[in-house]
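Colleague: Have a look at the structure that comes next, please.
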Amino acid sequence: QVQLVESGGGLVQAGDSLRLSCAASERTFSTTVMGWFRQAPGKEREFVAAITWNGGNTYYADSVKGRFTISRDNAKNTVYLQMNSLKPEDTAVYYCAAGAASRFRAYSDYILHRLYDYWGQGTQVTVSS
């Protein structure tokens, strides 16, 4: 069982930056795909970013490309989401997720929340205009 704990959310103004962190309990963290999803009130959970087990490949939703950066430190069992130039439409609860690397082949796989086995409790990000 992998436990994921997010941190770093908060209330910021448009244009500001935040860095989210997700700490994993499992030593097999280094063999998993890690992803970030978000869910705004009244909306479905949506893909934000993902990173392969070795950090060699990253994937982003079009809405955050160029503003957000996902990275991971396998020595610390931690994945990060650096969010720059935040917009009010980025307001949501952000969730960290982990999935077995063998399930993912193409971008169309990384964006599917059902392919991720473990989820954190979420951290709120609110961006005011």
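Residue numbering restarts at 1 in every chain; chains get A, B, ... in the order shown in the structure tokens, and ligands count up from 1 in that same order.
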List the spatial neighbours of A:Lys65 as a list in words - criterion: any atom at most 9 Å away, only C-alpha atoms, same-chain residues fewer than 6 positions off excluded.
Modeller: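 In the requested form, the answer reads Val48, Ala49 and Tyr59 of chain A.
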Colleague: Just to be explicit: take each residue in the selection above, keep C-alpha atoms, and write the result as a PDB file, in the first residue's frame.
Modeller:
ATOM      1  CA  VAL A  48      -2.568  18.189 -14.976  1.00  0.00           C
ATOM      2  CA  ALA A  49       0.845  16.539 -15.373  1.00  0.00           C
ATOM      3  CA  TYR A  59       3.422  15.122 -19.850  1.00  0.00           C
TER       4      TYR A  59
END
Colleague: What's around A:Phe29 at 9 Å? Count only C-alpha atoms, leave out sequence neighbours fewer than 4 positions away in its own chain, and write the answer as an NGL selection string.
Modeller: :A and (2 or 24-25 or 33-34 or 53 or 74 or 77-78 or 98)
Colleague: Go through A:Ala23, A:Leu86, A:Ile70, A:Leu112 one by one, measure the shortest atom-to-atom distance of each to A:Val125 using only C-alpha atoms, and give the residue with the smallest value.
Modeller: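 With only C-alpha atoms as the atom set, the closest residue is A:Leu86.
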Colleague: Please provide as a list in words all residues within 12 Å of A:Asp62, with the sequence filter that same-chain residues fewer than 5 positions apart are discarded (counting only C-alpha atoms).
Modeller: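 Using only C-alpha atoms, the neighbours found are Glu46, Phe47, Val48, Ala49, Arg67, Phe68, Tyr107 and Ile111 of chain A.
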Colleague: May I have all residues of chain A that DSSP, computed from the backbone, assigns to strand (DSSP E or B), given as number ranges by chain?
Modeller: A: 4-7, 10-13, 18-24, 32-39, 46-51, 58-60, 68-73, 78-83, 92-100, 118-119, 123-128
Colleague: Work out how far apart atom CA of A:Gln82 and atom CA of A:Gln121 are and give it in Å to one decimal.
Modeller: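 That distance, rounded to one decimal, is 18.7 Å.
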Colleague: Identify, with DSSP run on backbone atoms, the residues in stretch 3-124 of chain A assigned to helix (DSSP H, G or I), and express the list as a list in words.
Modeller: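 Residues meeting the helix (DSSP H, G or I) criterion: Arg27, Thr28, Phe29, Ser30, Thr31, Pro88, Glu89, Asp90, Ala101, Ser102, Arg103, Tyr107, Ser108, Asp109, Tyr110, His113, Arg114 and Leu115 of chain A.
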Colleague: If we count only C-alpha atoms, what is near A:Pro88 at a cut-off of 6 Å, once residues fewer than 2 positions away on the same chain are taken out, given as a ChimeraX atom specification?
Modeller: /A:90-91,127-129
Colleague: Can you write just those residues out, N, CA and C atoms, as a compact mmCIF listing (two decimals), in the first residue's frame?
Modeller:
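Final output, saved to selection.txt:
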# COMPACT_ATOMS: atom_id res chain seq x y z
N ASP A 90 -7.04 28.11 -12.33
CA ASP A 90 -6.26 27.02 -11.76
C ASP A 90 -6.76 26.63 -10.37
N THR A 91 -7.70 27.37 -9.85
CA THR A 91 -8.27 27.08 -8.53
C THR A 91 -8.91 25.70 -8.52
N VAL A 127 -6.64 30.67 -6.38
CA VAL A 127 -5.99 31.80 -7.03
C VAL A 127 -7.01 32.93 -7.18
N SER A 128 -6.74 34.04 -6.55
CA SER A 128 -7.66 35.18 -6.61
C SER A 128 -7.25 36.11 -7.75
N SER A 129 -8.24 36.78 -8.29
CA SER A 129 -7.98 37.68 -9.43
C SER A 129 -7.62 39.08 -8.96
Colleague: Find the residue from A:Gln13, A:Gln1, A:Ser85, A:Ser63 that sits nearest to A:Arg38; use only C-alpha atoms when measuring.
Modeller: A:Ser63
Colleague: Between atom CA of A:Tyr116 and atom CA of A:Arg103, what is the spacing in Å?
Modeller: 8.9 Å
Colleague: Please indicate the distance in Å from atom CA of A:Gly9 to atom CA of A:Tyr94, rounded to one decimal place.
Modeller: 8.1 Å
Colleague: Contacts of A:Tyr80 at 6 Å or less, counting only C-alpha atoms, minus same-chain residues fewer than 5 places along, as a list in words?
Modeller: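 That gives Leu20, Ser21, Ile70, Ser71 and Arg72 of chain A.
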Colleague: Please produce an output containing N, CA, C and O atoms for each residue in the selection, written as a PDB file, in the first residue's frame.
Modeller:
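Output below, filename selection_8.pdb:
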ATOM      1  N   LEU A  20       3.829  22.553  -5.187  1.00  0.00           N
ATOM      2  CA  LEU A  20       3.210  21.450  -4.465  1.00  0.00           C
ATOM      3  C   LEU A  20       4.212  20.305  -4.334  1.00  0.00           C
ATOM      4  O   LEU A  20       5.022  20.074  -5.234  1.00  0.00           O
ATOM      5  N   SER A  21       4.111  19.611  -3.219  1.00  0.00           N
ATOM      6  CA  SER A  21       4.946  18.431  -2.991  1.00  0.00           C
ATOM      7  C   SER A  21       4.054  17.244  -2.674  1.00  0.00           C
ATOM      8  O   SER A  21       2.964  17.409  -2.113  1.00  0.00           O
ATOM      9  N   ILE A  70       6.544  19.513 -13.653  1.00  0.00           N
ATOM     10  CA  ILE A  70       6.551  18.370 -12.749  1.00  0.00           C
ATOM     11  C   ILE A  70       7.969  17.812 -12.674  1.00  0.00           C
ATOM     12  O   ILE A  70       8.690  17.769 -13.673  1.00  0.00           O
ATOM     13  N   SER A  71       8.359  17.400 -11.485  1.00  0.00           N
ATOM     14  CA  SER A  71       9.681  16.807 -11.296  1.00  0.00           C
ATOM     15  C   SER A  71       9.610  15.812 -10.147  1.00  0.00           C
ATOM     16  O   SER A  71       8.615  15.784  -9.421  1.00  0.00           O
ATOM     17  N   ARG A  72      10.635  15.012 -10.001  1.00  0.00           N
ATOM     18  CA  ARG A  72      10.633  14.036  -8.921  1.00  0.00           C
ATOM     19  C   ARG A  72      12.043  13.831  -8.395  1.00  0.00           C
ATOM     20  O   ARG A  72      13.021  13.992  -9.125  1.00  0.00           O
TER      21      ARG A  72
END
Colleague: Under the rule that only C-alpha atoms are counted, which of A:Gly56, A:Gly35, A:Pro41, A:Gly66 is the nearest residue to A:Ala92?
Modeller: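 Closest to A:Ala92 of all the choices is A:Pro41.
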Colleague: Between A:Thr69, A:Ile51, A:Cys96, A:Tyr110, single out the one closest to A:Met83, counting only C-alpha atoms.
Modeller: A:Thr69
